[in-house]
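File shown here: my_file23.txt, holding compact mmCIF, C-alpha atoms and all ligand atoms.
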# COMPACT_ATOMS: atom_id res chain seq x y z
CA MET A 1 48.33 23.09 0.45
CA THR A 2 46.54 20.97 -2.15
CA ARG A 3 43.59 22.55 -3.95
CA ILE A 4 40.67 20.35 -4.99
CA LEU A 5 37.96 21.49 -7.37
CA LEU A 6 34.64 19.91 -6.47
CA ALA A 7 32.44 20.63 -9.46
CA LEU A 8 28.98 19.71 -10.68
CA CYS A 9 28.45 18.63 -14.22
CA GLY A 10 25.31 18.07 -16.26
CA LEU A 11 25.32 17.17 -19.93
CA THR A 12 27.77 19.89 -20.97
CA PRO A 13 31.28 18.88 -19.83
CA GLN A 14 32.63 22.10 -21.41
CA ILE A 15 31.91 23.83 -18.11
CA ILE A 16 34.79 21.88 -16.55
CA THR A 17 37.47 23.09 -18.97
CA GLU A 18 35.97 26.58 -18.76
CA THR A 19 36.30 26.45 -14.96
CA LEU A 20 39.85 25.10 -15.12
CA TYR A 21 40.73 27.81 -17.62
CA ALA A 22 39.40 30.53 -15.26
CA LEU A 23 41.24 29.04 -12.27
CA HIS A 24 44.45 28.75 -14.31
CA GLN A 25 44.14 32.42 -15.29
CA GLU A 26 43.99 33.25 -11.57
CA GLY A 27 47.04 31.08 -10.90
CA GLN A 28 44.86 28.70 -8.86
CA LEU A 29 44.77 25.56 -10.99
CA PRO A 30 43.64 22.72 -8.67
CA GLN A 31 45.82 19.65 -8.25
CA ARG A 32 42.78 17.45 -8.40
CA VAL A 33 39.23 17.62 -9.78
CA ILE A 34 36.25 15.66 -8.51
CA LEU A 35 33.11 15.74 -10.62
CA LEU A 36 29.62 15.00 -9.39
CA THR A 37 27.26 14.14 -12.17
CA THR A 38 24.53 11.83 -13.43
CA ARG A 39 25.17 8.61 -15.31
CA ALA A 40 24.46 10.31 -18.64
CA GLY A 41 26.71 13.19 -17.61
CA ARG A 42 29.50 10.76 -16.78
CA GLU A 43 29.32 9.18 -20.24
CA ARG A 44 29.65 12.62 -21.80
CA CYS A 45 32.59 13.54 -19.59
CA LEU A 46 34.43 10.31 -20.40
CA LYS A 47 33.99 10.91 -24.10
CA ARG A 48 34.25 14.67 -24.50
CA LEU A 49 36.72 15.54 -21.72
CA LEU A 50 38.88 12.49 -21.18
CA GLY A 51 38.52 10.79 -24.56
CA GLU A 52 40.92 10.82 -27.46
CA ASN A 53 41.35 14.48 -28.39
CA GLY A 54 38.99 15.37 -25.49
CA GLY A 55 38.64 18.94 -24.23
CA LEU A 56 40.80 18.36 -21.16
CA ARG A 57 43.75 16.98 -23.10
CA ARG A 58 43.57 19.82 -25.59
CA PHE A 59 43.41 22.36 -22.77
CA PHE A 60 46.51 20.90 -21.11
CA ALA A 61 48.39 20.81 -24.40
CA ASP A 62 47.39 24.34 -25.47
CA TYR A 63 48.40 25.82 -22.14
CA GLY A 64 51.60 23.80 -21.78
CA LEU A 65 50.40 21.97 -18.67
CA ALA A 66 51.53 18.48 -17.73
CA ALA A 67 48.62 16.09 -17.22
CA SER A 68 50.07 15.40 -13.76
CA ALA A 69 49.58 19.06 -12.79
CA CYS A 70 45.85 18.50 -12.40
CA ARG A 71 44.44 15.04 -11.85
CA LEU A 72 41.07 14.19 -13.34
CA ASP A 73 40.55 10.61 -14.39
CA ALA A 74 37.58 8.32 -14.78
CA SER A 75 37.58 7.39 -11.09
CA ASP A 76 37.12 11.07 -10.16
CA ILE A 77 33.79 11.31 -11.99
CA LEU A 78 31.25 10.27 -9.39
CA THR A 79 27.58 9.39 -9.80
CA PRO A 80 25.02 8.33 -7.20
CA ALA A 81 24.97 4.56 -6.63
CA PRO A 82 21.90 3.19 -8.44
CA ALA A 83 18.86 2.83 -6.17
CA VAL A 84 20.94 3.61 -3.08
CA ASP A 85 21.34 7.32 -2.87
CA ASP A 86 20.55 10.47 -4.79
CA ILE A 87 22.79 13.26 -6.01
CA THR A 88 22.23 15.28 -2.83
CA THR A 89 23.45 12.41 -0.66
CA LEU A 90 26.49 12.07 -2.90
CA GLU A 91 27.16 15.80 -2.64
CA ASP A 92 26.92 15.72 1.17
CA SER A 93 29.24 12.76 1.38
CA VAL A 94 31.89 14.14 -1.00
CA ALA A 95 31.74 17.59 0.63
CA PHE A 96 32.26 15.86 3.98
CA GLN A 97 35.20 13.77 2.73
CA THR A 98 37.08 16.53 0.92
CA THR A 99 36.82 18.99 3.83
CA ARG A 100 38.26 16.44 6.26
CA GLU A 101 41.87 16.80 5.13
CA ALA A 102 43.82 19.51 6.91
CA GLU A 103 46.18 20.27 4.00
CA VAL A 104 43.45 20.54 1.35
CA ALA A 105 41.50 23.61 0.23
CA VAL A 106 38.25 22.93 -1.60
CA ASP A 107 36.77 25.01 -4.41
CA PHE A 108 33.05 24.31 -4.69
CA SER A 109 31.83 25.11 -8.19
CA LEU A 110 28.11 25.52 -8.79
CA ALA A 111 28.44 25.97 -12.55
CA GLY A 112 27.05 22.89 -14.27
CA GLY A 113 24.34 20.39 -13.47
CA ARG A 114 20.78 21.18 -12.59
CA LYS A 115 19.84 24.05 -10.32
CA THR A 116 18.75 21.65 -7.59
CA MET A 117 22.25 20.10 -7.63
CA GLY A 118 23.77 23.56 -7.29
CA ALA A 119 21.42 24.57 -4.49
CA SER A 120 22.22 21.49 -2.42
CA LEU A 121 25.98 21.75 -3.05
CA ALA A 122 25.86 25.39 -1.90
CA LEU A 123 24.14 24.26 1.31
CA ALA A 124 26.67 21.47 1.87
CA ALA A 125 29.48 23.99 1.32
CA GLN A 126 28.01 26.27 3.98
CA CYS A 127 27.83 23.41 6.45
CA TYR A 128 31.34 22.04 5.83
CA ALA A 129 33.55 24.82 4.45
CA ARG A 130 36.64 25.89 6.37
CA PRO A 131 38.32 29.30 6.09
CA GLY A 132 40.34 28.48 2.93
CA ASP A 133 37.51 26.84 1.00
CA ARG A 134 35.66 28.81 -1.68
CA LEU A 135 32.32 28.76 -3.46
CA PHE A 136 31.84 30.16 -6.95
CA HIS A 137 29.89 30.16 -10.15
CA VAL A 138 31.51 30.42 -13.58
CA LEU A 139 30.32 33.09 -16.00
CA VAL A 140 30.91 32.82 -19.73
CA SER A 141 30.49 35.91 -21.87
CA PRO A 142 29.21 36.63 -24.36
CA PRO A 143 26.54 34.06 -23.43
CA ASP A 144 26.52 32.69 -27.01
CA PHE A 145 29.48 30.49 -26.10
CA GLU A 146 27.54 28.61 -23.46
CA SER A 147 25.39 27.03 -26.15
CA GLN A 148 28.27 26.14 -28.46
CA PRO A 149 28.96 22.41 -28.13
CA ASP A 150 32.54 22.77 -29.40
CA PHE A 151 33.63 25.63 -27.22
CA PHE A 152 35.71 24.31 -24.29
CA TYR A 153 37.95 27.28 -23.39
CA PRO A 154 39.40 30.37 -25.06
CA PRO A 155 42.58 29.63 -26.99
CA PRO A 156 45.90 30.95 -25.66
CA VAL A 157 46.83 34.37 -26.97
CA PRO A 158 50.34 34.47 -28.46
CA ALA A 159 52.39 36.90 -26.39
CA SER A 160 53.54 38.89 -29.43
CA LEU A 161 50.10 39.54 -30.89
CA PRO A 162 47.67 42.17 -29.67
CA ARG A 163 44.13 41.11 -28.77
CA PRO A 164 41.86 40.93 -31.85
CA ALA A 165 39.60 43.81 -32.80
CA PRO A 166 36.23 44.28 -31.03
CA PRO A 167 33.76 41.50 -31.76
CA LEU A 168 31.93 41.42 -35.04
CA PRO A 169 29.63 38.50 -35.80
CA PRO A 170 30.31 35.66 -36.05
CA LEU A 171 32.13 35.50 -32.74
CA SER A 172 35.45 33.74 -32.58
CA THR A 173 36.46 31.77 -29.51
CA ASP A 174 39.24 34.15 -28.58
CA GLN A 175 36.58 36.76 -27.81
CA ALA A 176 35.15 34.62 -25.02
CA ARG A 177 35.64 35.81 -21.46
CA ILE A 178 35.34 33.43 -18.56
CA THR A 179 35.20 34.70 -15.02
CA LEU A 180 34.76 33.16 -11.62
CA ALA A 181 31.94 34.76 -9.67
CA HIS A 182 32.87 34.18 -6.04
CA LEU A 183 29.85 33.75 -3.80
CA PRO A 184 29.60 34.67 -0.14
CA LEU A 185 29.90 31.60 2.02
CA VAL A 186 28.20 31.47 5.42
CA ARG A 187 30.67 29.25 7.26
CA LEU A 188 28.60 27.30 9.75
CA ARG A 189 31.21 24.65 10.51
CA PRO A 190 32.34 26.19 13.82
CA CYS A 191 28.73 26.00 15.07
CA TRP A 192 28.56 22.18 14.95
CA PRO A 193 29.36 19.87 17.83
CA PRO A 194 32.25 17.52 16.89
CA SER A 195 29.90 14.54 16.80
CA LEU A 196 28.12 16.07 13.79
CA LEU A 197 31.37 16.11 11.85
CA GLU A 198 32.13 12.42 12.24
CA GLN A 199 30.09 11.38 9.22
CA PRO A 200 28.25 13.02 6.33
CA GLN A 201 25.02 14.74 7.35
CA ARG A 202 22.13 16.32 5.56
CA PRO A 203 21.90 20.12 5.94
CA GLU A 204 18.54 19.71 7.67
CA THR A 205 20.22 17.56 10.32
CA PHE A 206 22.83 20.24 10.87
CA LEU A 207 20.21 22.94 11.19
CA ALA A 208 18.06 20.90 13.54
CA GLY A 209 21.19 20.32 15.64
CA LEU A 210 21.74 24.05 15.72
CA SER A 211 18.32 24.72 17.21
CA LEU A 212 18.62 21.77 19.64
CA ALA A 213 21.79 23.19 21.15
CA HIS A 214 19.58 25.84 22.69
CA SER A 215 16.75 23.50 23.61
CA PRO A 216 15.41 23.23 27.16
CA CYS A 217 15.90 20.31 29.54
CA LEU A 218 13.22 17.69 29.96
CA ARG A 219 12.95 16.43 33.54
CA PHE A 220 10.97 13.33 34.50
CA HIS A 221 9.34 12.96 37.93
CA VAL A 222 8.51 9.29 37.97
CA ARG A 223 6.45 9.12 41.17
CA GLN A 224 4.26 12.02 40.11
CA ARG A 225 4.10 10.74 36.52
CA SER A 226 4.95 14.23 35.41
CA LEU A 227 7.58 16.04 33.44
CA SER A 228 8.84 19.58 33.50
CA LEU A 229 10.17 21.45 30.53
CA GLY A 230 11.14 25.09 30.18
CA GLY A 231 9.38 26.08 33.42
CA ARG A 232 6.17 24.19 32.60
CA THR A 233 4.86 21.00 34.15
CA CYS A 234 2.85 18.27 32.51
CA ARG A 235 1.18 15.43 34.40
CA LEU A 236 0.36 12.35 32.36
CA PRO A 237 -1.92 9.33 32.72
CA PRO A 238 -0.01 6.07 33.47
CA VAL A 239 -0.08 4.71 29.93
CA GLU A 240 1.12 7.89 28.26
CA PHE A 241 3.76 8.48 30.91
CA SER A 242 5.08 4.91 30.62
CA LEU A 243 5.35 5.16 26.86
CA LEU A 244 7.23 8.46 26.89
CA PHE A 245 9.47 7.47 29.79
CA SER A 246 10.42 4.23 28.04
CA PHE A 247 11.58 6.24 25.03
CA ALA A 248 13.64 8.48 27.33
CA LEU A 249 15.27 5.43 28.94
CA HIS A 250 16.01 4.06 25.50
CA LYS A 251 17.65 7.32 24.43
CA LEU A 252 19.89 7.35 27.49
CA ARG A 253 21.60 4.19 26.21
CA PHE A 254 23.02 6.05 23.23
CA SER A 255 25.75 8.60 23.16
CA CYS A 256 24.12 10.65 20.38
CA THR A 257 24.49 14.29 21.24
CA GLY A 258 21.61 15.93 19.49
CA ASP A 259 22.65 15.06 15.97
CA CYS A 260 19.76 12.65 15.46
CA PRO A 261 16.57 14.69 15.15
CA SER A 262 16.10 13.58 11.57
CA GLY A 263 15.87 9.92 12.35
CA CYS A 264 19.17 8.57 13.67
CA THR A 265 19.32 4.83 13.06
CA ALA A 266 20.95 4.21 16.45
CA CYS A 267 18.55 5.80 18.91
CA TYR A 268 15.42 5.98 16.72
CA MET A 269 13.52 2.67 16.72
CA ASP A 270 11.75 1.00 13.83
CA MET A 271 8.36 -0.56 14.56
CA PRO A 272 9.63 -4.11 15.35
CA THR A 273 12.05 -2.60 17.88
CA VAL A 274 9.28 -0.44 19.36
CA LEU A 275 7.17 -3.56 19.89
CA GLU A 276 10.08 -5.48 21.37
CA HIS A 277 10.61 -2.47 23.59
CA GLY A 278 7.01 -2.94 24.83
CA ARG A 279 8.26 -5.05 27.75
CA LYS A 280 10.03 -1.99 29.10
CA VAL A 281 6.84 0.06 28.76
CA GLU A 282 4.99 -2.65 30.65
CA GLU A 283 7.56 -2.68 33.44
CA ILE A 284 7.28 1.11 33.87
CA TYR A 285 3.52 0.94 33.69
CA ARG A 286 3.31 -1.61 36.49
CA LYS A 287 5.44 0.66 38.63
CA VAL A 288 3.69 3.97 38.02
CA CYS A 289 0.13 2.74 37.82
CA THR A 290 -1.31 2.69 41.31
CA THR A 291 -5.07 2.55 40.82
CA SER A 292 -7.03 -0.47 39.66
CA ALA A 293 -9.12 1.68 37.31
CA ALA A 294 -6.07 2.67 35.36
CA ARG A 295 -4.77 -0.89 35.50
CA SER A 296 -7.73 -2.04 33.41
CA THR A 297 -5.99 -0.57 30.38
CA THR A 298 -4.78 -3.81 28.85
CA GLY A 299 -3.48 -2.57 25.51
CA ILE A 300 -0.28 -1.30 27.05
CA LEU A 301 0.52 -4.75 28.43
CA ASN A 302 0.72 -6.31 25.03
CA LEU A 303 1.78 -3.52 22.73
CA SER A 304 0.73 -3.78 19.10
CA ALA A 305 1.55 -1.35 16.31
CA GLU A 306 -2.03 -0.10 16.41
CA ASN A 307 -2.00 0.45 20.18
CA PHE A 308 1.32 2.21 19.95
CA MET A 309 -0.03 4.69 17.39
CA THR A 310 -3.15 5.32 19.49
CA TYR A 311 -1.21 5.89 22.72
CA LYS A 312 1.31 8.08 20.93
CA ALA A 313 -1.53 10.26 19.58
CA LYS A 314 -3.05 10.52 23.09
CA LEU A 315 0.34 11.39 24.55
CA HIS A 316 0.89 14.13 22.00
CA ARG A 317 -2.55 15.58 22.71
CA GLN A 318 -1.72 15.79 26.40
CA LEU A 319 1.68 17.32 25.73
CA ARG A 320 0.23 19.98 23.47
CA GLN A 321 -2.49 20.87 25.97
CA GLN A 322 -0.07 21.24 28.84
CA LEU A 323 3.20 22.34 27.26
CA GLY A 324 1.94 24.43 24.36
CA GLU A 325 4.64 25.35 21.84
CA LEU A 326 7.25 23.44 23.86
CA ALA A 327 5.48 20.13 23.21
CA PRO A 328 7.68 19.11 20.22
CA TYR A 329 10.68 18.82 22.55
CA ALA A 330 8.93 16.01 24.42
CA GLU A 331 7.07 14.30 21.60
CA ILE A 332 7.94 10.93 20.12
CA ALA A 333 9.14 12.09 16.72
CA SER A 334 8.68 9.92 13.64
CA HIS A 335 10.95 9.99 10.64
CA GLY A 336 10.86 8.32 7.24
CA THR A 337 8.07 6.83 5.18
CA ARG A 338 6.15 3.61 5.71
CA PRO A 339 7.11 0.90 6.29
CA ASN A 340 10.50 2.29 7.29
CA VAL A 341 9.37 4.87 9.84
CA ARG A 342 11.60 5.25 12.90
CA TYR A 343 10.50 6.70 16.24
CA GLY A 344 12.52 8.50 18.84
CA LEU A 345 13.02 11.56 21.00
CA ARG A 346 14.54 14.68 19.54
CA LEU A 347 16.38 15.83 22.63
CA ALA A 348 19.93 14.66 23.27
CA ARG A 349 20.39 12.57 26.37
CA GLY A 350 22.28 15.43 28.01
CA HIS A 351 19.00 17.35 27.89
CA MET A 352 17.04 14.68 29.78
CA LEU A 353 17.05 14.29 33.55
CA MET A 354 15.34 11.85 35.91
CA ASP A 355 14.62 12.52 39.52
CA GLU A 356 15.36 8.95 40.54
CA GLU A 357 17.48 6.04 39.46
CA TRP A 358 15.75 3.63 37.14
ZN ZN B 401 20.71 9.16 17.80

Taking this structure as input, can you express it in the form of structure tokens?
Amino acid sequence: MTRILLALCGLTPQIITETLYALHQEGQLPQRVILLTTRAGRERCLKRLLGENGGLRRFFADYGLAASACRLDASDILTPAPAVDDITTLEDSVAFQTTREAEVAVDFSLAGGRKTMGASLALAAQCYARPGDRLFHVLVSPPDFESQPDFFYPPPVPASLPRPAPPLPPLSTDQARITLAHLPLVRLRPCWPPSLLEQPQRPETFLAGLSLAHSPCLRFHVRQRSLSLGGRTCRLPPVEFSLLFSFALHKLRFSCTGDCPSGCTACYMDMPTVLEHGRKVEEIYRKVCTTSAARSTTGILNLSAENFMTYKAKLHRQLRQQLGELAPYAEIASHGTRPNVRYGLRLARGHMLMDEEW
């Protein structure tokens, strides 16, 4: 079993040698270290950990460890790609990758970096961790050492010498104590459908998937222009029904299994696709609209972005009136910010039924 330390780092790379020291004391030195940090943090790590006479080299030498015992080189210090993703996305993706390997145990360390980085890594750990993976914080005492820029780890104690006398100011580094504070880990991994574990996900996607697993079925009755959901029925005007039904038909073409409530790029449509999709809406409309009065609604026959938003609002009003708190299961959800908003249905296709072939 290979052990990987997945650690956060801010502007104080000392936390990494401190963590390695504590793990070494426990006999759990990892074979590999992956650091997640900012660009400024990476510069510091390269200089102060990996550089000439850097903290990591000194730690290895002082404790008689071969550099090959624990790999940490420049390529293991990861930062978010500029303008592409943020640190949370990087954390999700690295947590996903490292927990994929069967013969690897991952130690998630929250010591280092900003609190927001730690909070999101802890969430990612809860979503991905397997039984052998661990989550911990690193405590340095007395706390004075945390603010000392030159303190990287306590020096080895020669076997023949007793520990020095109780601390008297100024403190010397051999009085430092470093401990791992293991944190309880809610292991949610067994709750996810396999499709959610095929690529990195945001915790909110996981959690939405969790609630969708228990969601009701949405059944469409095309002739009646109605739908039933959780024991309730909702009858819709032709335009609103056509719009919603077209989204349901669209969703049926994708094999997503409920892992897309936060804006899946496969089954959620951007506005140009919605407008292209307008032909389908028109086709449904012509079939379900049986009275000439209703047929006078021309906007649906040449869908524009403005019409789409108006009809969507009318649809949601109807759904809320008739389905109450269940309405969100049937609504056309939007995700993202303008102009990159995507629209789609939250329910997985397995939760949608039609009473006739279409
Ligand atoms: Zn999807």

Would you compute the distance between atom CA of A:Ala67 and atom CA of A:Ile34? Give it in Å to one decimal.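 Interatomic distance here is 15.1 Å.
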
Atom-to-atom span, atom CA of A:Lys314 and atom CA of A:Ser334, Å: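 Spanning atom CA of A:Lys314 to atom CA of A:Ser334 is a straight-line distance of 15.1 Å.
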
Using atom CA of A:Ser215 and atom CA of A:Cys191 as the two end points, give the distance in Å to one decimal.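 Taking atom CA of A:Ser215 as the start and atom CA of A:Cys191 as the end point, the length is 14.9 Å.
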
List as a tab-separated table every residue of chain A that is in contact with ligand ZN 401 (chain B), defined as an atom at most 6 Å from one of its atoms (using all atoms listed in the file), together with the nearest atom pair and the distance in Å rounded to one decimal, sorted by chain and then rising number.
residue	atom	partner	partner_atom	distance
A:Cys256	CA	B:ZN401	ZN	4.5
A:Cys260	CA	B:ZN401	ZN	4.3
A:Cys264	CA	B:ZN401	ZN	4.4
A:Ala266	CA	B:ZN401	ZN	5.1
A:Cys267	CA	B:ZN401	ZN	4.1

I need every residue sitting at most 8 Å from the point (43.6, 27.5, -23.8) (coordinates as in the file, all atoms listed in the file considered), written as a list in words.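 With a cut-off of 8 Å, the residues come to Tyr21, Arg58, Phe59, Phe60, Asp62, Tyr63, Tyr153, Pro154, Pro155 and Pro156 of chain A.
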
Any chance you could export the current selection's C-alpha atoms as a PDB file, keeping the file's coordinate frame?
ATOM      1  CA  TYR A  21      40.730  27.810 -17.620  1.00  0.00           C
ATOM      2  CA  ARG A  58      43.570  19.820 -25.590  1.00  0.00           C
ATOM      3  CA  PHE A  59      43.410  22.360 -22.770  1.00  0.00           C
ATOM      4  CA  PHE A  60      46.510  20.900 -21.110  1.00  0.00           C
ATOM      5  CA  ASP A  62      47.390  24.340 -25.470  1.00  0.00           C
ATOM      6  CA  TYR A  63      48.400  25.820 -22.140  1.00  0.00           C
ATOM      7  CA  TYR A 153      37.950  27.280 -23.390  1.00  0.00           C
ATOM      8  CA  PRO A 154      39.400  30.370 -25.060  1.00  0.00           C
ATOM      9  CA  PRO A 155      42.580  29.630 -26.990  1.00  0.00           C
ATOM     10  CA  PRO A 156      45.900  30.950 -25.660  1.00  0.00           C
TER      11      PRO A 156
END

Go through A:Ala305, A:Leu185, A:Cys45, A:Cys289 and flag the residue nearest A:Phe108, using only C-alpha atoms for the distances. A:Leu185

Could you work out an axis-aligned box for stretch 62-68 of chain A, taking every atom the file lists and adding 8 Å on each side, and report centre and edge lengths in Å to one decimal, as AutoDock Vina command-line options?
--center_x 49.5 --center_y 20.6 --center_z -19.6 --size_x 20.2 --size_y 26.4 --size_z 27.7

Counting only C-alpha atoms, which residue out of A:Glu101, A:Asp107, A:Glu26, A:Asp133 sits closest to A:Ala7?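 Checking each candidate against A:Ala7, we get A:Asp107 as the closest.
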
Just the residues within 9 Å of A:Arg42, please, counting all atoms listed in the file, with nothing from its chain fewer than 3 positions along; format it as a PyMOL selection string. chain A and resi 9-11+13+35-39+45-47+74+77-79

Generate the coordinates of all heavy atoms for stretch 224-233 of chain A; report them as a PDB file, in the frame of the given file.
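File result-v8.pdb, as written:
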ATOM      1  N   GLN A 224       5.407  11.145  40.430  1.00  0.00           N
ATOM      2  CA  GLN A 224       4.260  12.020  40.110  1.00  0.00           C
ATOM      3  C   GLN A 224       3.740  11.791  38.684  1.00  0.00           C
ATOM      4  O   GLN A 224       2.765  12.404  38.276  1.00  0.00           O
ATOM      5  CB  GLN A 224       4.656  13.499  40.242  1.00  0.00           C
ATOM      6  CG  GLN A 224       4.964  13.981  41.654  1.00  0.00           C
ATOM      7  CD  GLN A 224       6.421  13.741  42.040  1.00  0.00           C
ATOM      8  OE1 GLN A 224       7.169  13.086  41.324  1.00  0.00           O
ATOM      9  NE2 GLN A 224       6.814  14.234  43.203  1.00  0.00           N
ATOM     10  N   ARG A 225       4.425  10.946  37.937  1.00  0.00           N
ATOM     11  CA  ARG A 225       4.100  10.740  36.520  1.00  0.00           C
ATOM     12  C   ARG A 225       4.006  12.088  35.797  1.00  0.00           C
ATOM     13  O   ARG A 225       3.096  12.342  35.015  1.00  0.00           O
ATOM     14  CB  ARG A 225       2.765  10.001  36.353  1.00  0.00           C
ATOM     15  CG  ARG A 225       2.736   8.586  36.849  1.00  0.00           C
ATOM     16  CD  ARG A 225       1.563   7.854  36.264  1.00  0.00           C
ATOM     17  NE  ARG A 225       0.325   8.613  36.315  1.00  0.00           N
ATOM     18  CZ  ARG A 225      -0.599   8.495  37.265  1.00  0.00           C
ATOM     19  NH1 ARG A 225      -0.435   7.632  38.244  1.00  0.00           N
ATOM     20  NH2 ARG A 225      -1.692   9.226  37.206  1.00  0.00           N
ATOM     21  N   SER A 226       4.982  12.923  36.063  1.00  0.00           N
ATOM     22  CA  SER A 226       4.950  14.230  35.410  1.00  0.00           C
ATOM     23  C   SER A 226       6.306  14.568  34.832  1.00  0.00           C
ATOM     24  O   SER A 226       7.307  13.898  35.126  1.00  0.00           O
ATOM     25  CB  SER A 226       4.504  15.308  36.400  1.00  0.00           C
ATOM     26  OG  SER A 226       5.532  15.534  37.338  1.00  0.00           O
ATOM     27  N   LEU A 227       6.314  15.576  33.973  1.00  0.00           N
ATOM     28  CA  LEU A 227       7.580  16.040  33.440  1.00  0.00           C
ATOM     29  C   LEU A 227       7.579  17.549  33.458  1.00  0.00           C
ATOM     30  O   LEU A 227       6.527  18.184  33.371  1.00  0.00           O
ATOM     31  CB  LEU A 227       7.818  15.498  32.036  1.00  0.00           C
ATOM     32  CG  LEU A 227       6.645  15.442  31.080  1.00  0.00           C
ATOM     33  CD1 LEU A 227       6.802  16.471  29.999  1.00  0.00           C
ATOM     34  CD2 LEU A 227       6.594  14.052  30.477  1.00  0.00           C
ATOM     35  N   SER A 228       8.762  18.126  33.590  1.00  0.00           N
ATOM     36  CA  SER A 228       8.840  19.580  33.500  1.00  0.00           C
ATOM     37  C   SER A 228       9.797  19.948  32.385  1.00  0.00           C
ATOM     38  O   SER A 228      10.778  19.242  32.099  1.00  0.00           O
ATOM     39  CB  SER A 228       9.249  20.197  34.836  1.00  0.00           C
ATOM     40  OG  SER A 228      10.355  19.522  35.369  1.00  0.00           O
ATOM     41  N   LEU A 229       9.451  21.036  31.737  1.00  0.00           N
ATOM     42  CA  LEU A 229      10.170  21.450  30.530  1.00  0.00           C
ATOM     43  C   LEU A 229      10.040  22.956  30.404  1.00  0.00           C
ATOM     44  O   LEU A 229       8.927  23.482  30.365  1.00  0.00           O
ATOM     45  CB  LEU A 229       9.518  20.752  29.322  1.00  0.00           C
ATOM     46  CG  LEU A 229      10.077  21.064  27.944  1.00  0.00           C
ATOM     47  CD1 LEU A 229      11.387  20.324  27.721  1.00  0.00           C
ATOM     48  CD2 LEU A 229       9.087  20.636  26.870  1.00  0.00           C
ATOM     49  N   GLY A 230      11.151  23.641  30.380  1.00  0.00           N
ATOM     50  CA  GLY A 230      11.140  25.090  30.180  1.00  0.00           C
ATOM     51  C   GLY A 230      10.201  25.816  31.142  1.00  0.00           C
ATOM     52  O   GLY A 230       9.477  26.711  30.744  1.00  0.00           O
ATOM     53  N   GLY A 231      10.194  25.392  32.414  1.00  0.00           N
ATOM     54  CA  GLY A 231       9.380  26.080  33.420  1.00  0.00           C
ATOM     55  C   GLY A 231       7.915  25.632  33.448  1.00  0.00           C
ATOM     56  O   GLY A 231       7.127  26.129  34.232  1.00  0.00           O
ATOM     57  N   ARG A 232       7.549  24.689  32.569  1.00  0.00           N
ATOM     58  CA  ARG A 232       6.170  24.190  32.600  1.00  0.00           C
ATOM     59  C   ARG A 232       6.143  22.745  33.080  1.00  0.00           C
ATOM     60  O   ARG A 232       7.120  22.024  32.915  1.00  0.00           O
ATOM     61  CB  ARG A 232       5.550  24.257  31.197  1.00  0.00           C
ATOM     62  CG  ARG A 232       5.341  25.684  30.772  1.00  0.00           C
ATOM     63  CD  ARG A 232       4.759  25.770  29.397  1.00  0.00           C
ATOM     64  NE  ARG A 232       5.184  27.037  28.794  1.00  0.00           N
ATOM     65  CZ  ARG A 232       4.823  27.446  27.603  1.00  0.00           C
ATOM     66  NH1 ARG A 232       4.052  26.682  26.861  1.00  0.00           N
ATOM     67  NH2 ARG A 232       5.249  28.591  27.139  1.00  0.00           N
ATOM     68  N   THR A 233       4.998  22.372  33.650  1.00  0.00           N
ATOM     69  CA  THR A 233       4.860  21.000  34.150  1.00  0.00           C
ATOM     70  C   THR A 233       3.717  20.311  33.416  1.00  0.00           C
ATOM     71  O   THR A 233       2.732  20.958  33.054  1.00  0.00           O
ATOM     72  CB  THR A 233       4.574  21.014  35.658  1.00  0.00           C
ATOM     73  OG1 THR A 233       5.608  21.782  36.284  1.00  0.00           O
ATOM     74  CG2 THR A 233       4.592  19.618  36.230  1.00  0.00           C
TER      75      THR A 233
END
